[in-house]
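**Q** Structure: protein-v7.txt, compact mmCIF, C-alpha atoms.
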# COMPACT_ATOMS: atom_id res chain seq x y z
CA MET A 1 0.80 45.10 66.49
CA LYS A 2 3.18 42.16 66.02
CA SER A 3 0.39 40.04 64.58
CA LEU A 4 -0.52 42.83 62.14
CA ILE A 5 3.11 43.06 60.96
CA ALA A 6 3.25 39.28 60.61
CA ILE A 7 0.06 39.24 58.52
CA THR A 8 1.34 42.09 56.35
CA LEU A 9 4.64 40.28 55.77
CA ALA A 10 2.80 37.08 54.93
CA VAL A 11 0.65 38.91 52.38
CA LEU A 12 3.73 40.56 50.83
CA MET A 13 5.60 37.25 50.64
CA SER A 14 2.59 35.57 49.07
CA ALA A 15 2.31 38.35 46.50
CA LEU A 16 6.00 38.13 45.71
CA PHE A 17 5.84 34.35 45.40
CA PHE A 18 2.84 34.24 43.10
CA GLY A 19 3.72 37.39 41.22
CA CYS A 20 7.30 36.37 40.46
CA ALA A 21 6.88 32.63 40.02
CA PRO A 22 7.95 31.55 36.56
CA ASP A 23 5.24 30.88 34.03
CA ASN A 24 5.24 27.09 33.89
CA SER A 25 3.96 27.04 30.30
CA SER A 26 6.86 29.27 29.23
CA SER A 27 9.40 27.20 31.14
CA LYS A 28 8.29 24.15 29.14
CA LEU A 29 7.99 25.89 25.77
CA ILE A 30 9.57 24.14 22.78
CA GLY A 31 9.92 25.98 19.47
CA VAL A 32 9.59 23.94 16.28
CA ALA A 33 10.53 25.68 13.02
CA MET A 34 9.66 23.91 9.76
CA PRO A 35 10.56 25.25 6.28
CA THR A 36 7.28 25.02 4.39
CA GLN A 37 3.80 23.55 4.26
CA SER A 38 4.00 23.13 0.48
CA LEU A 39 5.50 19.64 0.81
CA GLN A 40 3.58 16.83 2.48
CA ARG A 41 6.55 15.57 4.47
CA TRP A 42 7.09 18.80 6.43
CA ASN A 43 3.42 18.89 7.43
CA GLN A 44 3.77 15.35 8.74
CA ASP A 45 7.07 16.08 10.50
CA GLY A 46 5.64 19.13 12.23
CA SER A 47 2.36 17.55 13.28
CA ASN A 48 4.03 14.33 14.51
CA MET A 49 6.51 16.24 16.64
CA LYS A 50 3.92 18.64 18.04
CA ALA A 51 1.62 15.77 19.03
CA GLN A 52 4.40 13.76 20.68
CA LEU A 53 5.84 16.74 22.56
CA GLU A 54 2.40 17.78 23.81
CA ALA A 55 1.78 14.22 24.96
CA LYS A 56 4.90 14.66 27.15
CA GLY A 57 3.43 17.80 28.67
CA TYR A 58 5.32 20.45 26.70
CA LYS A 59 3.88 23.57 25.17
CA VAL A 60 4.80 23.71 21.46
CA GLU A 61 5.14 26.71 19.17
CA LEU A 62 5.08 25.22 15.64
CA GLN A 63 5.79 27.58 12.74
CA TYR A 64 6.18 27.18 8.98
CA ALA A 65 8.17 29.77 7.03
CA ASN A 66 6.93 29.27 3.44
CA ASN A 67 10.54 28.66 2.31
CA ASP A 68 11.45 32.27 3.18
CA VAL A 69 14.67 32.59 5.19
CA ASN A 70 13.81 35.99 6.69
CA THR A 71 10.46 34.66 7.85
CA GLN A 72 12.14 31.71 9.54
CA VAL A 73 14.66 33.98 11.29
CA GLN A 74 11.82 36.18 12.57
CA GLN A 75 9.89 33.14 13.79
CA LEU A 76 12.95 31.91 15.68
CA GLU A 77 13.50 35.35 17.23
CA ASN A 78 9.89 35.32 18.43
CA MET A 79 10.27 31.83 19.91
CA ILE A 80 13.38 32.95 21.80
CA THR A 81 11.60 36.07 23.07
CA GLU A 82 8.64 33.98 24.22
CA GLY A 83 11.00 31.91 26.38
CA ALA A 84 11.49 28.70 24.39
CA ARG A 85 13.90 26.36 26.17
CA VAL A 86 14.72 24.25 23.10
CA LEU A 87 14.53 25.07 19.39
CA VAL A 88 14.01 22.28 16.85
CA ILE A 89 14.90 23.72 13.44
CA ALA A 90 14.50 22.30 9.94
CA SER A 91 16.36 25.10 8.22
CA ILE A 92 15.57 26.59 4.82
CA ASP A 93 19.14 27.77 4.27
CA GLY A 94 21.52 25.92 6.55
CA SER A 95 24.02 28.80 6.52
CA ALA A 96 21.65 31.70 7.23
CA LEU A 97 20.91 31.29 10.92
CA SER A 98 24.20 32.27 12.57
CA GLU A 99 23.00 35.57 14.06
CA VAL A 100 19.70 34.35 15.49
CA LEU A 101 21.47 31.32 16.99
CA LYS A 102 23.92 33.63 18.74
CA GLU A 103 20.88 35.12 20.45
CA ALA A 104 19.64 31.63 21.34
CA LYS A 105 23.02 30.76 22.85
CA ALA A 106 23.02 33.97 24.90
CA ARG A 107 19.63 32.95 26.33
CA LYS A 108 20.90 29.39 27.00
CA VAL A 109 18.46 27.91 24.50
CA GLU A 110 19.49 24.46 23.23
CA VAL A 111 19.25 23.92 19.46
CA ILE A 112 18.52 20.69 17.61
CA ALA A 113 18.97 20.75 13.83
CA TYR A 114 16.16 18.67 12.38
CA ASP A 115 16.89 16.62 9.23
CA ARG A 116 18.93 19.47 7.70
CA LEU A 117 22.29 20.29 9.25
CA ILE A 118 22.68 23.93 10.32
CA MET A 119 25.98 25.15 8.93
CA ASN A 120 28.80 27.53 9.89
CA THR A 121 27.84 28.16 13.50
CA PRO A 122 29.03 26.77 16.84
CA ASN A 123 25.56 27.38 18.28
CA VAL A 124 23.85 24.17 17.22
CA ASP A 125 23.95 21.50 19.90
CA TYR A 126 22.56 18.36 18.25
CA TYR A 127 21.47 17.02 14.88
CA ALA A 128 18.69 14.49 14.28
CA THR A 129 18.23 13.04 10.83
CA PHE A 130 18.20 9.91 8.75
CA ASP A 131 21.43 8.46 7.41
CA ASN A 132 21.44 10.72 4.36
CA PHE A 133 24.51 9.20 2.75
CA LYS A 134 22.74 5.86 2.97
CA VAL A 135 19.67 7.38 1.28
CA GLY A 136 21.84 8.09 -1.76
CA VAL A 137 23.45 4.65 -1.57
CA ILE A 138 20.01 3.00 -1.59
CA GLN A 139 18.96 5.01 -4.66
CA GLY A 140 22.17 4.16 -6.49
CA GLN A 141 21.95 0.48 -5.59
CA PHE A 142 18.34 0.34 -6.77
CA ILE A 143 19.32 1.68 -10.21
CA VAL A 144 22.25 -0.75 -10.44
CA SER A 145 20.02 -3.69 -9.56
CA LYS A 146 17.07 -2.65 -11.73
CA LEU A 147 19.22 -2.16 -14.83
CA GLY A 148 21.32 -5.26 -14.16
CA LEU A 149 24.55 -3.31 -14.08
CA ASP A 150 25.83 -5.61 -11.34
CA GLN A 151 25.33 -8.50 -13.79
CA GLY A 152 27.42 -6.86 -16.49
CA LYS A 153 24.55 -5.43 -18.52
CA GLY A 154 24.80 -2.07 -20.28
CA PRO A 155 25.53 0.49 -21.47
CA PHE A 156 22.48 2.47 -20.38
CA ASN A 157 21.57 6.14 -20.84
CA MET A 158 20.85 8.06 -17.64
CA GLU A 159 20.37 11.65 -16.46
CA LEU A 160 21.13 12.97 -12.99
CA PHE A 161 19.30 15.43 -10.74
CA ALA A 162 20.30 16.84 -7.37
CA GLY A 163 18.50 18.82 -4.68
CA SER A 164 18.75 22.43 -3.57
CA PRO A 165 22.33 23.75 -3.29
CA ASP A 166 21.52 25.60 -0.04
CA ASP A 167 20.50 22.34 1.64
CA ASN A 168 23.52 20.42 2.95
CA ASN A 169 21.54 17.18 2.72
CA ALA A 170 21.36 17.54 -1.06
CA LYS A 171 25.15 17.26 -1.27
CA VAL A 172 25.19 14.25 1.06
CA PHE A 173 22.49 12.45 -0.97
CA ASN A 174 24.54 13.12 -4.10
CA GLN A 175 27.72 11.79 -2.50
CA GLY A 176 25.92 8.57 -1.53
CA GLU A 177 24.43 8.15 -5.01
CA MET A 178 27.69 8.76 -6.82
CA SER A 179 29.61 6.41 -4.54
CA ILE A 180 27.60 3.65 -6.21
CA LEU A 181 27.12 5.02 -9.74
CA GLN A 182 30.48 6.65 -10.49
CA PRO A 183 32.33 3.38 -11.18
CA TYR A 184 29.72 2.47 -13.80
CA ILE A 185 29.98 5.94 -15.35
CA ASP A 186 33.76 5.60 -15.44
CA SER A 187 33.55 2.19 -17.10
CA GLY A 188 31.05 3.40 -19.72
CA LYS A 189 28.26 1.12 -18.53
CA ILE A 190 26.29 4.25 -17.59
CA VAL A 191 26.29 6.98 -20.25
CA ILE A 192 25.18 10.54 -19.43
CA PRO A 193 24.30 12.00 -22.87
CA SER A 194 24.04 15.55 -21.46
CA LYS A 195 27.44 15.15 -19.76
CA GLN A 196 25.91 17.08 -16.83
CA THR A 197 27.26 15.30 -13.78
CA ASP A 198 28.75 17.91 -11.42
CA PHE A 199 26.53 18.98 -8.55
CA SER A 200 26.14 22.61 -9.61
CA SER A 201 24.80 21.68 -13.05
CA ILE A 202 22.22 19.16 -11.83
CA ALA A 203 21.03 20.90 -8.63
CA ILE A 204 17.45 22.21 -8.46
CA GLN A 205 17.01 25.30 -6.29
CA GLY A 206 14.38 24.95 -3.59
CA TRP A 207 13.65 21.31 -4.49
CA ASP A 208 11.14 22.84 -6.91
CA SER A 209 9.00 20.45 -9.00
CA GLY A 210 8.43 23.03 -11.73
CA LYS A 211 12.16 23.67 -12.10
CA ALA A 212 12.81 19.93 -12.29
CA GLN A 213 10.16 19.61 -14.98
CA ALA A 214 11.71 22.49 -16.95
CA ARG A 215 15.19 20.97 -16.76
CA MET A 216 13.86 17.56 -17.87
CA ASP A 217 12.08 19.25 -20.79
CA ASN A 218 15.37 20.85 -21.81
CA LEU A 219 17.25 17.55 -21.55
CA ILE A 220 14.67 15.77 -23.68
CA THR A 221 14.74 18.49 -26.35
CA ALA A 222 18.53 18.58 -26.48
CA PHE A 223 19.42 14.90 -26.16
CA TYR A 224 16.38 12.61 -26.57
CA SER A 225 14.24 14.16 -29.30
CA LYS A 226 15.57 11.85 -32.02
CA GLY A 227 14.60 8.56 -30.44
CA ARG A 228 17.55 8.01 -28.10
CA LYS A 229 16.50 5.69 -25.29
CA LEU A 230 16.39 6.99 -21.71
CA ASP A 231 16.92 4.12 -19.29
CA ALA A 232 17.12 5.82 -15.91
CA VAL A 233 16.74 9.18 -14.15
CA LEU A 234 18.27 9.71 -10.75
CA SER A 235 15.96 11.94 -8.70
CA PRO A 236 16.99 12.52 -5.08
CA ASN A 237 13.46 13.18 -3.80
CA ASP A 238 9.77 12.98 -4.63
CA SER A 239 9.12 16.64 -5.37
CA LEU A 240 11.70 16.52 -8.18
CA ALA A 241 10.38 13.14 -9.34
CA ILE A 242 6.87 14.58 -9.76
CA GLY A 243 8.24 17.28 -12.08
CA ILE A 244 10.30 14.72 -14.00
CA ILE A 245 7.26 12.45 -14.43
CA ALA A 246 5.21 15.38 -15.77
CA SER A 247 7.92 16.16 -18.32
CA LEU A 248 8.27 12.54 -19.42
CA LYS A 249 4.52 12.12 -19.74
CA ASN A 250 4.14 15.33 -21.76
CA ASN A 251 6.92 14.17 -24.08
CA GLY A 252 5.44 10.78 -24.91
CA TRP A 253 6.81 8.41 -22.28
CA GLY A 254 4.51 5.91 -20.60
CA THR A 255 3.52 3.72 -23.55
CA PRO A 256 4.48 0.10 -24.35
CA GLN A 257 6.75 1.43 -27.08
CA LYS A 258 8.27 4.10 -24.83
CA PRO A 259 8.09 2.95 -21.18
CA TYR A 260 9.06 5.15 -18.28
CA PRO A 261 12.73 4.99 -17.29
CA VAL A 262 13.84 3.76 -13.89
CA LEU A 263 13.13 6.76 -11.64
CA THR A 264 14.10 7.16 -8.00
CA GLY A 265 12.70 9.37 -5.23
CA GLN A 266 12.58 9.98 -1.49
CA ASP A 267 9.90 10.69 1.15
CA CYS A 268 7.07 8.44 -0.09
CA ASP A 269 4.68 11.36 -0.62
CA LYS A 270 1.19 10.18 -1.49
CA PRO A 271 1.24 11.29 -5.17
CA ASN A 272 4.57 9.51 -5.61
CA VAL A 273 3.40 6.27 -4.02
CA LYS A 274 0.46 6.39 -6.42
CA ALA A 275 2.99 6.93 -9.21
CA ILE A 276 4.94 3.89 -8.00
CA ILE A 277 1.79 1.78 -8.01
CA SER A 278 0.95 2.92 -11.55
CA GLY A 279 4.48 2.34 -12.86
CA GLN A 280 5.50 5.96 -13.46
CA GLN A 281 8.07 6.03 -10.64
CA SER A 282 10.19 3.03 -9.68
CA MET A 283 10.92 3.61 -5.98
CA SER A 284 11.11 6.08 -3.14
CA VAL A 285 13.27 6.04 -0.03
CA PHE A 286 11.02 5.94 3.04
CA LYS A 287 12.03 7.98 6.06
CA ASP A 288 9.37 7.33 8.68
CA THR A 289 8.74 10.77 10.17
CA ARG A 290 7.16 9.11 13.20
CA THR A 291 10.53 7.53 14.01
CA LEU A 292 12.44 10.79 13.59
CA ALA A 293 9.86 12.78 15.55
CA ALA A 294 9.99 10.25 18.40
CA GLN A 295 13.78 10.47 18.47
CA VAL A 296 13.71 14.27 18.63
CA VAL A 297 11.12 14.18 21.41
CA ASP A 298 13.46 11.87 23.36
CA MET A 299 16.34 14.31 22.77
CA VAL A 300 14.22 17.28 23.90
CA ASP A 301 13.06 15.38 26.97
CA SER A 302 16.66 14.50 27.82
CA ILE A 303 17.71 18.15 27.55
CA MET A 304 14.83 19.34 29.69
CA SER A 305 15.40 16.72 32.40
CA GLY A 306 19.19 17.04 32.44
CA ARG A 307 19.81 13.49 31.18
CA PRO A 308 22.50 12.66 28.58
CA VAL A 309 21.12 13.32 25.11
CA PRO A 310 21.08 10.15 22.96
CA VAL A 311 23.35 10.32 19.89
CA ASN A 312 24.90 7.59 17.73
CA ASP A 313 27.32 9.58 15.55
CA THR A 314 29.98 11.94 16.88
CA LYS A 315 32.37 11.90 13.89
CA THR A 316 30.54 12.54 10.63
CA TYR A 317 28.61 15.80 10.60
CA PHE A 318 31.02 18.73 10.43
CA ASN A 319 29.11 21.98 9.89
CA GLY A 320 32.13 24.09 8.96
CA VAL A 321 32.82 25.03 12.59
CA LYS A 322 32.30 21.90 14.68
CA ILE A 323 31.26 18.28 14.52
CA VAL A 324 27.64 18.24 15.63
CA PRO A 325 26.63 15.23 17.79
CA SER A 326 23.98 13.42 15.80
CA PHE A 327 21.38 10.69 15.89
CA LEU A 328 20.84 8.89 12.59
CA CYS A 329 17.67 6.93 11.89
CA GLN A 330 17.71 4.28 9.16
CA PRO A 331 15.91 4.70 5.81
CA VAL A 332 14.44 1.89 3.67
CA PHE A 333 13.26 1.82 0.06
CA VAL A 334 9.69 1.34 -1.08
CA ASP A 335 8.64 0.00 -4.48
CA LYS A 336 5.62 -1.68 -6.00
CA THR A 337 6.42 -4.98 -4.28
CA ASN A 338 6.57 -3.80 -0.66
CA TYR A 339 4.59 -0.55 -0.30
CA GLN A 340 1.63 -2.41 1.24
CA LYS A 341 3.73 -3.84 4.07
CA ILE A 342 5.86 -0.78 4.79
CA LEU A 343 3.35 2.03 4.32
CA ILE A 344 -0.14 0.62 4.87
CA ASP A 345 0.31 -2.32 7.25
CA SER A 346 2.47 -0.11 9.51
CA GLY A 347 -0.33 2.46 9.74
CA TYR A 348 1.63 5.25 8.05
CA TYR A 349 -1.05 5.52 5.36
CA LYS A 350 -4.53 4.11 4.92
CA ALA A 351 -5.24 2.16 1.75
CA SER A 352 -7.75 4.86 0.80
CA ASP A 353 -4.93 7.45 0.85
CA LEU A 354 -3.35 5.78 -2.15
CA GLN A 355 -6.41 5.28 -4.33
Is it possible to express this structure as structure tokens?
**A**
Amino acid sequence: MKSLIAITLAVLMSALFFGCAPDNSSSKLIGVAMPTQSLQRWNQDGSNMKAQLEAKGYKVELQYANNDVNTQVQQLENMITEGARVLVIASIDGSALSEVLKEAKARKVEVIAYDRLIMNTPNVDYYATFDNFKVGVIQGQFIVSKLGLDQGKGPFNMELFAGSPDDNNAKVFNQGEMSILQPYIDSGKIVIPSKQTDFSSIAIQGWDSGKAQARMDNLITAFYSKGRKLDAVLSPNDSLAIGIIASLKNNGWGTPQKPYPVLTGQDCDKPNVKAIISGQQSMSVFKDTRTLAAQVVDMVDSIMSGRPVPVNDTKTYFNGVKIVPSFLCQPVFVDKTNYQKILIDSGYYKASDLQ
């Protein structure tokens, strides 16, 4: 009788153990939320991170939200419900995630803001990005050097563009750019014929190429239709630069008599690198997504193993509620003289990608 009871208890304990044991795949689930697949860089960011996390043994739920805030919120809710331990979020609207992140906090889910700072919530734990102020500084310095403003040359005509107003990075890029360019505007060495310089008047919602093209068309019609020279266009990223190039090309730029202005960008998207090679775009700031993905994987791994999470900035990134501990990777610029070394020799692209 005693042996029968012992066997029964053993069976019950075994059933309880195996029936109630946590699902190991769920306990190692990492949610990765990207804004859209319409831009090359987000596809690369997502795939790089997924591959590196899976190589560490994590299960990854990677979702793209087609630049729709409600879709991204729903995706995050699903990730939380499925038992994600960490959320890595490249937000569409940095101020629209407060409620879903309250839910994450209640479930003890750690949150890493990826490349775009999540605003107005205490429930974001870390931020991983490139030094976005420096991105703008690099773009401004390139224009100064290319035009010879630092050698006293000028005046030059220039127009300014900025990124999406709901993306905090757009404001930081602009601050970095203007930290370099504003003194030349103040001295009259840079002239803005449209007089459109404040962020709200130059911002392009959604980083949309078509909207950038339309604004450039309007600027050309209003201020450059009578032969006024256009020496430079400040574009904060490559999607805007593509729209600007299309407008310039359609309006007669790109000839020996009317060469393309100095034009900046960011992300080194394939069409833009081709444009750099062909002389339509002057430069692009390169942010190696492999580097950023590797850094985020290290941060996730630190969270999951209970180690201190690596950060290198605990003073700069105030999200309206708190300073978010951050890790900043360093950007570099790419132009016609160095794209081979930085993009191809490093293995980021194949030569055939740029033909």
**Q** State, in Å with one decimal place, the distance from CA of Ala65 (chain A) to CA of Ala203 (chain A).
**A**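 Between these atoms lies a distance of 22.1 Å.
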**Q** Please report the interatomic distance between CA of Pro122 (chain A) and CA of Thr81 (chain A) in Å with one decimal.
**A**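 Between these atoms lies a distance of 20.7 Å.
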**Q** Which of these, A:Asn132, A:Thr221, A:Ser201, A:Thr264, has the shortest distance to Phe327 (chain A) once you count all atoms listed in the file?
**A**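 For Phe327 (chain A), the nearest of the candidates is A:Asn132.
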**Q** Using all atoms listed in the file, which residue out of A:Val172, A:Val273, A:Leu234, A:Cys329 lies closest to Val296 (chain A)?
**A**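 Residue with the minimum atom-to-atom distance to Val296 (chain A): A:Cys329.
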**Q** Using only C-alpha atoms, can you tell me which of A:Arg107, A:Lys287, A:Arg85, A:Arg41 comes closest to Tyr58 (chain A)?
**A**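 Checking each of A:Arg107, A:Lys287, A:Arg85, A:Arg41 against Tyr58 (chain A), counting only C-alpha atoms, the winner is A:Arg85.
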**Q** Using all atoms listed in the file, which residue out of A:Asp131, A:Glu82, A:Glu159, A:Asp68 lies closest to Ala232 (chain A)?
**A**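 Looking only at the distances to Ala232 (chain A), the closest residue turns out to be A:Glu159.
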**Q** Please list as number ranges by chain every residue within 7 Å of region 25-39 of chain A, counting only C-alpha atoms and excluding residues in the same chain fewer than 5 positions away.
**A** A: 46, 58-67, 79, 83-92
**Q** How would you write as a compact mmCIF listing (two decimals) with C-alpha atoms, keeping the file's coordinate frame the residues that get within 8 Å of (19.5, 6.3, -15.5) in the file's frame, counting all atoms listed in the file?
**A**
# COMPACT_ATOMS: atom_id res chain seq x y z
CA ILE A 143 19.32 1.68 -10.21
CA PHE A 156 22.48 2.47 -20.38
CA ASN A 157 21.57 6.14 -20.84
CA MET A 158 20.85 8.06 -17.64
CA GLU A 159 20.37 11.65 -16.46
CA LEU A 160 21.13 12.97 -12.99
CA ILE A 190 26.29 4.25 -17.59
CA LEU A 230 16.39 6.99 -21.71
CA ASP A 231 16.92 4.12 -19.29
CA ALA A 232 17.12 5.82 -15.91
CA VAL A 233 16.74 9.18 -14.15
CA LEU A 234 18.27 9.71 -10.75
CA PRO A 261 12.73 4.99 -17.29
CA VAL A 262 13.84 3.76 -13.89
CA LEU A 263 13.13 6.76 -11.64
**Q** So how many Å separate CA of Ile220 (chain A) and CA of Pro193 (chain A), to one decimal?
**A**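 Taking CA of Ile220 (chain A) and CA of Pro193 (chain A), their separation equals 10.4 Å.
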**Q** Find the residues around region 206-210 of chain A up to 7 Å (all atoms listed in the file counted), leave out those fewer than 3 positions away in its own chain, and share them as a list in words.
**A**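 Using all atoms listed in the file, the neighbours found are Gly163, Ser164, Gln213, Ala214, Ser239, Leu240, Ile242 and Gly243 of chain A.
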**Q** Go through A:Asn319, A:Asp115, A:Thr314, A:Ala222 and flag the residue nearest Trp42 (chain A), using all atoms listed in the file for the distances.
**A**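 Ranked by minimum distance to Trp42 (chain A), first place goes to A:Asp115.
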